[in-house]
Amino acid sequence: MSVDWGHVFASRVGGMTASEIRELLKLIDRPEIISFAGGIPDPDFFPTSALARAYEKIFQSNGGAGGALQYSITEGFTPLREWICAYMERNGVPVGLDSVLVTNGSQQVLEFVGKLLIGPGDKVVVTRPTYLGALQAFSPYEPSYLSIPMDEEGPELSALDAALAQKPKFFYLVPDFQNPNGTTVSLARREAILDRCAAAGVPVVEDTAYSELRYDGESLPLMAALDCARNGGKLTNVIYCGTFSKTMVPALRVGWVNAAPEVINRLVLMKQAADLHASTINQIVLHDVVSQIFDSHIKHLRSQYKERRDAMLAALDEFAPPGVTWTKPEGGMFVWVEAPETVNGTALLERAIKEANVAFVPGSAFHADRSGQNTLRLSFSVNKPERVREGVRRLCALLKESI
Ligand SMILES: Cc1ncc(COP(=O)(O)O)c(C=O)c1O
């Protein structure tokens, strides 16, 4: 007798399937492929010597490495949490240490938010499109999604009103340079979302993975800052997700969450149960590095990624066939392309990999309802400007044939 695993798995894992797109993207690990698929930072920009010095310092200090290699408190390395508090204060969110938990990347915050807030059948509001990883984090808790469309200012308010009337548990939103479509929510729309969510008693989960990567236009206040401004300096209705993955390096897996202390207390218990704490040594190293180079490093990243963003937009202007439209992001890593309805993004990807050595992510992956078949997410982050141009040229030639 052997175990029938399908029978033993909990019902909630039924929806966790490998996607056809992920299978296709396994094929792109070849040097001749120009990949616009991964929403990842360029390793050429990693602050490797600052990191190396910080690790060396730990191992060369007399007996000091012991602490860095030891278990530590669940809330996170205190000097790093203090740095985060000062950073948040600069950004209009004057939270205390009791409002900060360091996590293994912001992906872990999303997983914990799902665990904390979603029961089977609960409604969760997301934008259409939204970050695929958020759907993956929430879905095992068996929500039903209310996907609201976006216009040029952000989520449509009439759709948000209709969603809030259904008493959802929270609204998940990436207000700056959203993954996947690169759009930014206007200030007026941020205020209107907070008004409506506060009136309905629905928290906003604000994911700021790309917020620091602004290449032009005015910085807008964080939803968390607007929330604090309305509530006497206290973070009340917003759960803020932060990460060092796009600004420093993803491999250290350090992110954080800011929220009201009663929320953080619950999340700390979850973190304890999940993995006790984020890596002690990585938190110490990151604290050392961000204390020295955060601002100058961000400045460098902005100038480098801006060139690539500009190259992608210019190439689309030059090569895109009629009927194709795209977003013009002021920051982040993504341009979102909308082709005529007759184009199927997944079929196009298959051809693009085989015939043109170019890759992207079909936009349907970012729709809770699997719509958006004719959309594509292009990331400009890991290719130099001339390679970005060549990749867009090849993709547009294929698009022209497919329309
Ligand atoms: C919008 C968004 N949120 C969260 C994450 C997770 O990042 P990390 O867990 O590395 O902090 C990503 C990663 O791509 C992202 O695009």
# chains A, B, ... in the order shown; residues from 1 in each chain; ligands from 1
$ residues_around --residues "region 316-326 of chain A" --least-positions-apart "2" --cutoff "8 Å" --atoms "only C-alpha atoms" --output "PyMOL selection string"
chain A and resi 312-314+328+335-340+392-393+396-397+399-400
$ write_last_selection --atoms "N, CA and C atoms" --output "CSV table (one decimal), in the first residue's frame"
chain,number,residue,atom,x,y,z
A,312,MET,N,13.6,51.4,-23.7
A,312,MET,CA,12.5,50.5,-24.0
A,312,MET,C,11.3,51.4,-24.6
A,313,LEU,N,11.1,52.5,-24.0
A,313,LEU,CA,10.0,53.4,-24.5
A,313,LEU,C,10.3,53.9,-25.9
A,314,ALA,N,11.6,54.3,-26.2
A,314,ALA,CA,12.0,54.8,-27.5
A,314,ALA,C,11.9,53.6,-28.5
A,328,LYS,N,3.7,54.2,-19.8
A,328,LYS,CA,5.0,55.0,-19.7
A,328,LYS,C,5.3,55.2,-18.3
A,335,VAL,N,7.2,47.8,-18.2
A,335,VAL,CA,6.3,48.4,-19.2
A,335,VAL,C,5.3,47.4,-19.6
A,336,TRP,N,4.1,47.8,-19.7
A,336,TRP,CA,2.9,46.9,-19.9
A,336,TRP,C,2.4,47.2,-21.3
A,337,VAL,N,2.4,46.1,-22.1
A,337,VAL,CA,2.0,46.3,-23.5
A,337,VAL,C,0.6,45.7,-23.7
A,338,GLU,N,-0.2,46.4,-24.4
A,338,GLU,CA,-1.5,45.8,-24.7
A,338,GLU,C,-1.6,45.7,-26.2
A,339,ALA,N,-1.8,44.5,-26.7
A,339,ALA,CA,-1.9,44.2,-28.1
A,339,ALA,C,-3.4,44.1,-28.5
A,340,PRO,N,-3.8,44.1,-29.8
A,340,PRO,CA,-5.2,43.8,-30.1
A,340,PRO,C,-5.7,42.5,-29.5
A,392,VAL,N,13.2,44.6,-28.2
A,392,VAL,CA,11.9,45.2,-28.5
A,392,VAL,C,11.7,45.1,-30.0
A,393,ARG,N,12.8,45.3,-30.8
A,393,ARG,CA,12.7,45.2,-32.3
A,393,ARG,C,12.2,43.8,-32.7
A,396,CYS,N,8.6,43.2,-31.6
A,396,CYS,CA,7.6,44.0,-32.3
A,396,CYS,C,7.4,43.3,-33.7
A,397,ALA,N,8.5,42.8,-34.3
A,397,ALA,CA,8.4,42.2,-35.6
A,397,ALA,C,7.4,41.0,-35.5
A,399,LEU,N,5.1,40.6,-33.2
A,399,LEU,CA,3.8,41.1,-32.9
A,399,LEU,C,3.1,41.5,-34.2
A,400,LYS,N,3.8,42.2,-35.1
A,400,LYS,CA,3.3,42.6,-36.4
A,400,LYS,C,2.7,41.4,-37.1
$ select_by_dssp --residues "region 143-384 of chain A" --states "strand (DSSP E)" --output "VMD selection string"
chain A and resid 144 to 151 154 to 155 170 to 173 204 to 207 238 to 243 255 to 258 325 to 326 334 to 338 358 to 359 361 to 362 375 to 379
$ residues_around --residues "Val249 (chain A)" --least-positions-apart "4" --cutoff "8 Å" --atoms "only C-alpha atoms" --output "JSON, numbers by chain"
{"A": [41, 46, 47, 244, 245, 253]}
$ select_by_dssp --residues "region 248-392 of chain A" --states "helix (DSSP H, G or I)" --output "number ranges by chain"
A: 261-275, 280-319, 345-356, 363-366, 385-392
$ residues_near_ligand --ligand "ligand 1" --cutoff "6 Å" --atoms "only C-alpha atoms and all ligand atoms" --output "list in words"
Gly39, Gly105, Ser106, Gln107, Tyr131, Asn179, Asp207, Ala209, Thr243, Ser245, Pro250 and Gly255 of chain A
$ closest_atom_pairs --of "region 202-254 of chain A" --to "region 111-127 of chain A" --cutoff "12 Å" --atoms "only C-alpha atoms" --output "Markdown table"
| residue | atom | partner | partner_atom | distance |
| --- | --- | --- | --- | --- |
| A:Val202 | CA | A:Val125 | CA | 9.8 |
| A:Pro203 | CA | A:Leu117 | CA | 10.0 |
| A:Val204 | CA | A:Val125 | CA | 9.4 |
| A:Val205 | CA | A:Val113 | CA | 8.4 |
| A:Glu206 | CA | A:Val126 | CA | 11.2 |
| A:Asp207 | CA | A:Val113 | CA | 11.6 |
| A:Val238 | CA | A:Val113 | CA | 11.9 |
| A:Ile239 | CA | A:Val113 | CA | 8.8 |
| A:Tyr240 | CA | A:Val113 | CA | 10.7 |
| A:Cys241 | CA | A:Val113 | CA | 10.0 |
$ write_last_selection --atoms "N, CA, C and O atoms" --output "PDB file, in the first residue's frame"
ATOM      1  N   VAL A 202     -11.970  48.772   6.038  1.00  0.00           N
ATOM      2  CA  VAL A 202     -11.173  47.771   5.301  1.00  0.00           C
ATOM      3  C   VAL A 202      -9.713  48.243   5.242  1.00  0.00           C
ATOM      4  O   VAL A 202      -9.438  49.343   4.757  1.00  0.00           O
ATOM      5  N   PRO A 203      -8.765  47.444   5.737  1.00  0.00           N
ATOM      6  CA  PRO A 203      -7.366  47.877   5.673  1.00  0.00           C
ATOM      7  C   PRO A 203      -6.800  47.851   4.257  1.00  0.00           C
ATOM      8  O   PRO A 203      -7.244  47.060   3.420  1.00  0.00           O
ATOM      9  N   VAL A 204      -5.822  48.736   4.035  1.00  0.00           N
ATOM     10  CA  VAL A 204      -5.089  48.746   2.767  1.00  0.00           C
ATOM     11  C   VAL A 204      -3.732  48.101   3.023  1.00  0.00           C
ATOM     12  O   VAL A 204      -3.027  48.472   3.968  1.00  0.00           O
ATOM     13  N   VAL A 205      -3.365  47.134   2.199  1.00  0.00           N
ATOM     14  CA  VAL A 205      -2.027  46.538   2.275  1.00  0.00           C
ATOM     15  C   VAL A 205      -1.214  47.196   1.164  1.00  0.00           C
ATOM     16  O   VAL A 205      -1.474  46.979  -0.027  1.00  0.00           O
ATOM     17  N   GLU A 206      -0.267  48.038   1.572  1.00  0.00           N
ATOM     18  CA  GLU A 206       0.507  48.838   0.616  1.00  0.00           C
ATOM     19  C   GLU A 206       1.862  48.175   0.371  1.00  0.00           C
ATOM     20  O   GLU A 206       2.683  48.066   1.286  1.00  0.00           O
ATOM     21  N   ASP A 207       2.094  47.748  -0.855  1.00  0.00           N
ATOM     22  CA  ASP A 207       3.345  47.067  -1.221  1.00  0.00           C
ATOM     23  C   ASP A 207       4.210  48.074  -1.979  1.00  0.00           C
ATOM     24  O   ASP A 207       3.841  48.548  -3.048  1.00  0.00           O
ATOM     25  N   VAL A 238      -3.363  51.164   7.404  1.00  0.00           N
ATOM     26  CA  VAL A 238      -2.498  50.653   6.337  1.00  0.00           C
ATOM     27  C   VAL A 238      -1.504  49.650   6.918  1.00  0.00           C
ATOM     28  O   VAL A 238      -0.933  49.873   7.979  1.00  0.00           O
ATOM     29  N   ILE A 239      -1.318  48.550   6.213  1.00  0.00           N
ATOM     30  CA  ILE A 239      -0.214  47.623   6.497  1.00  0.00           C
ATOM     31  C   ILE A 239       0.809  47.871   5.392  1.00  0.00           C
ATOM     32  O   ILE A 239       0.500  47.707   4.204  1.00  0.00           O
ATOM     33  N   TYR A 240       1.987  48.320   5.781  1.00  0.00           N
ATOM     34  CA  TYR A 240       3.007  48.741   4.815  1.00  0.00           C
ATOM     35  C   TYR A 240       4.037  47.614   4.630  1.00  0.00           C
ATOM     36  O   TYR A 240       4.587  47.107   5.620  1.00  0.00           O
ATOM     37  N   CYS A 241       4.288  47.221   3.392  1.00  0.00           N
ATOM     38  CA  CYS A 241       5.287  46.173   3.120  1.00  0.00           C
ATOM     39  C   CYS A 241       6.511  46.820   2.473  1.00  0.00           C
ATOM     40  O   CYS A 241       6.395  47.427   1.403  1.00  0.00           O
TER      41      CYS A 241
END
$ closest_residue --among "A:Pro385, A:Gly96, A:Pro175, A:Gly67" --to "Leu220 (chain A)" --atoms "only C-alpha atoms"
A:Pro175
$ closest_residue --among "A:Glu341, A:Glu307, A:Glu156, A:Glu89" --to "Thr375 (chain A)" --atoms "only C-alpha atoms"
A:Glu341
$ closest_residue --among "A:Ala165, A:Leu267, A:Ser72, A:Met150" --to "Arg189 (chain A)" --atoms "only C-alpha atoms"
A:Met150
$ atom_distance --atom1 "CA of Arg266 (chain A)" --atom2 "CA of Gly76 (chain A)"
14.7 Å
$ closest_residue --among "A:Ser35, A:Asn344, A:Asn383, A:Thr208" --to "Ala359 (chain A)" --atoms "only C-alpha atoms"
A:Ser35
$ atom_distance --atom1 "CA of Val174 (chain A)" --atom2 "CA of Ala50 (chain A)"
29.7 Å
$ closest_residue --among "A:Met16, A:Glu262, A:Ser49, A:Leu276" --to "Ile293 (chain A)" --atoms "only C-alpha atoms"
A:Ser49
$ decode --residues "region 54-77 of chain A" --atoms "N, CA and C atoms" --output "PDB file, in the first residue's frame"
ATOM      1  N   ALA A  54      31.364  44.310   4.876  1.00  0.00           N
ATOM      2  CA  ALA A  54      30.525  44.145   6.067  1.00  0.00           C
ATOM      3  C   ALA A  54      30.629  42.711   6.614  1.00  0.00           C
ATOM      4  N   TYR A  55      30.656  41.719   5.719  1.00  0.00           N
ATOM      5  CA  TYR A  55      30.822  40.331   6.197  1.00  0.00           C
ATOM      6  C   TYR A  55      32.214  40.148   6.800  1.00  0.00           C
ATOM      7  N   GLU A  56      33.238  40.701   6.113  1.00  0.00           N
ATOM      8  CA  GLU A  56      34.616  40.561   6.636  1.00  0.00           C
ATOM      9  C   GLU A  56      34.721  41.146   8.034  1.00  0.00           C
ATOM     10  N   LYS A  57      34.115  42.308   8.209  1.00  0.00           N
ATOM     11  CA  LYS A  57      34.164  42.979   9.517  1.00  0.00           C
ATOM     12  C   LYS A  57      33.654  42.039  10.605  1.00  0.00           C
ATOM     13  N   ILE A  58      32.585  41.335  10.304  1.00  0.00           N
ATOM     14  CA  ILE A  58      31.996  40.423  11.295  1.00  0.00           C
ATOM     15  C   ILE A  58      32.966  39.301  11.615  1.00  0.00           C
ATOM     16  N   PHE A  59      33.555  38.703  10.575  1.00  0.00           N
ATOM     17  CA  PHE A  59      34.404  37.531  10.822  1.00  0.00           C
ATOM     18  C   PHE A  59      35.776  37.916  11.352  1.00  0.00           C
ATOM     19  N   GLN A  60      36.196  39.157  11.104  1.00  0.00           N
ATOM     20  CA  GLN A  60      37.516  39.550  11.605  1.00  0.00           C
ATOM     21  C   GLN A  60      37.463  40.133  13.008  1.00  0.00           C
ATOM     22  N   SER A  61      36.264  40.467  13.479  1.00  0.00           N
ATOM     23  CA  SER A  61      36.222  41.068  14.821  1.00  0.00           C
ATOM     24  C   SER A  61      36.460  39.967  15.853  1.00  0.00           C
ATOM     25  N   ASN A  62      37.171  40.328  16.926  1.00  0.00           N
ATOM     26  CA  ASN A  62      37.542  39.349  17.940  1.00  0.00           C
ATOM     27  C   ASN A  62      36.346  38.736  18.630  1.00  0.00           C
ATOM     28  N   GLY A  63      36.026  37.506  18.255  1.00  0.00           N
ATOM     29  CA  GLY A  63      34.909  36.823  18.920  1.00  0.00           C
ATOM     30  C   GLY A  63      33.554  37.394  18.564  1.00  0.00           C
ATOM     31  N   GLY A  64      33.516  38.392  17.685  1.00  0.00           N
ATOM     32  CA  GLY A  64      32.241  39.064  17.385  1.00  0.00           C
ATOM     33  C   GLY A  64      31.310  38.253  16.520  1.00  0.00           C
ATOM     34  N   ALA A  65      31.875  37.326  15.728  1.00  0.00           N
ATOM     35  CA  ALA A  65      31.035  36.603  14.764  1.00  0.00           C
ATOM     36  C   ALA A  65      30.005  35.735  15.459  1.00  0.00           C
ATOM     37  N   GLY A  66      30.321  35.302  16.686  1.00  0.00           N
ATOM     38  CA  GLY A  66      29.409  34.399  17.410  1.00  0.00           C
ATOM     39  C   GLY A  66      27.986  34.918  17.420  1.00  0.00           C
ATOM     40  N   GLY A  67      27.837  36.192  17.784  1.00  0.00           N
ATOM     41  CA  GLY A  67      26.493  36.786  17.867  1.00  0.00           C
ATOM     42  C   GLY A  67      25.813  36.811  16.518  1.00  0.00           C
ATOM     43  N   ALA A  68      26.599  37.105  15.493  1.00  0.00           N
ATOM     44  CA  ALA A  68      26.012  37.217  14.148  1.00  0.00           C
ATOM     45  C   ALA A  68      25.553  35.861  13.630  1.00  0.00           C
ATOM     46  N   LEU A  69      26.135  34.798  14.197  1.00  0.00           N
ATOM     47  CA  LEU A  69      25.789  33.449  13.726  1.00  0.00           C
ATOM     48  C   LEU A  69      24.772  32.764  14.650  1.00  0.00           C
ATOM     49  N   GLN A  70      24.324  33.503  15.637  1.00  0.00           N
ATOM     50  CA  GLN A  70      23.428  32.932  16.649  1.00  0.00           C
ATOM     51  C   GLN A  70      21.957  33.198  16.290  1.00  0.00           C
ATOM     52  N   TYR A  71      21.047  32.447  16.940  1.00  0.00           N
ATOM     53  CA  TYR A  71      19.627  32.820  16.878  1.00  0.00           C
ATOM     54  C   TYR A  71      19.485  34.252  17.400  1.00  0.00           C
ATOM     55  N   SER A  72      18.411  34.898  16.994  1.00  0.00           N
ATOM     56  CA  SER A  72      18.182  36.246  17.527  1.00  0.00           C
ATOM     57  C   SER A  72      16.687  36.494  17.697  1.00  0.00           C
ATOM     58  N   ILE A  73      16.317  37.709  18.085  1.00  0.00           N
ATOM     59  CA  ILE A  73      14.906  37.933  18.414  1.00  0.00           C
ATOM     60  C   ILE A  73      14.048  37.989  17.142  1.00  0.00           C
ATOM     61  N   THR A  74      12.809  37.577  17.300  1.00  0.00           N
ATOM     62  CA  THR A  74      11.905  37.460  16.148  1.00  0.00           C
ATOM     63  C   THR A  74      11.650  38.811  15.478  1.00  0.00           C
ATOM     64  N   GLU A  75      11.528  39.866  16.262  1.00  0.00           N
ATOM     65  CA  GLU A  75      11.166  41.186  15.709  1.00  0.00           C
ATOM     66  C   GLU A  75      12.200  41.685  14.714  1.00  0.00           C
ATOM     67  N   GLY A  76      13.458  41.244  14.875  1.00  0.00           N
ATOM     68  CA  GLY A  76      14.521  41.682  13.962  1.00  0.00           C
ATOM     69  C   GLY A  76      15.665  42.334  14.729  1.00  0.00           C
ATOM     70  N   PHE A  77      16.790  42.505  14.037  1.00  0.00           N
ATOM     71  CA  PHE A  77      18.008  43.094  14.611  1.00  0.00           C
ATOM     72  C   PHE A  77      17.691  44.551  14.978  1.00  0.00           C
TER      73      PHE A  77
END
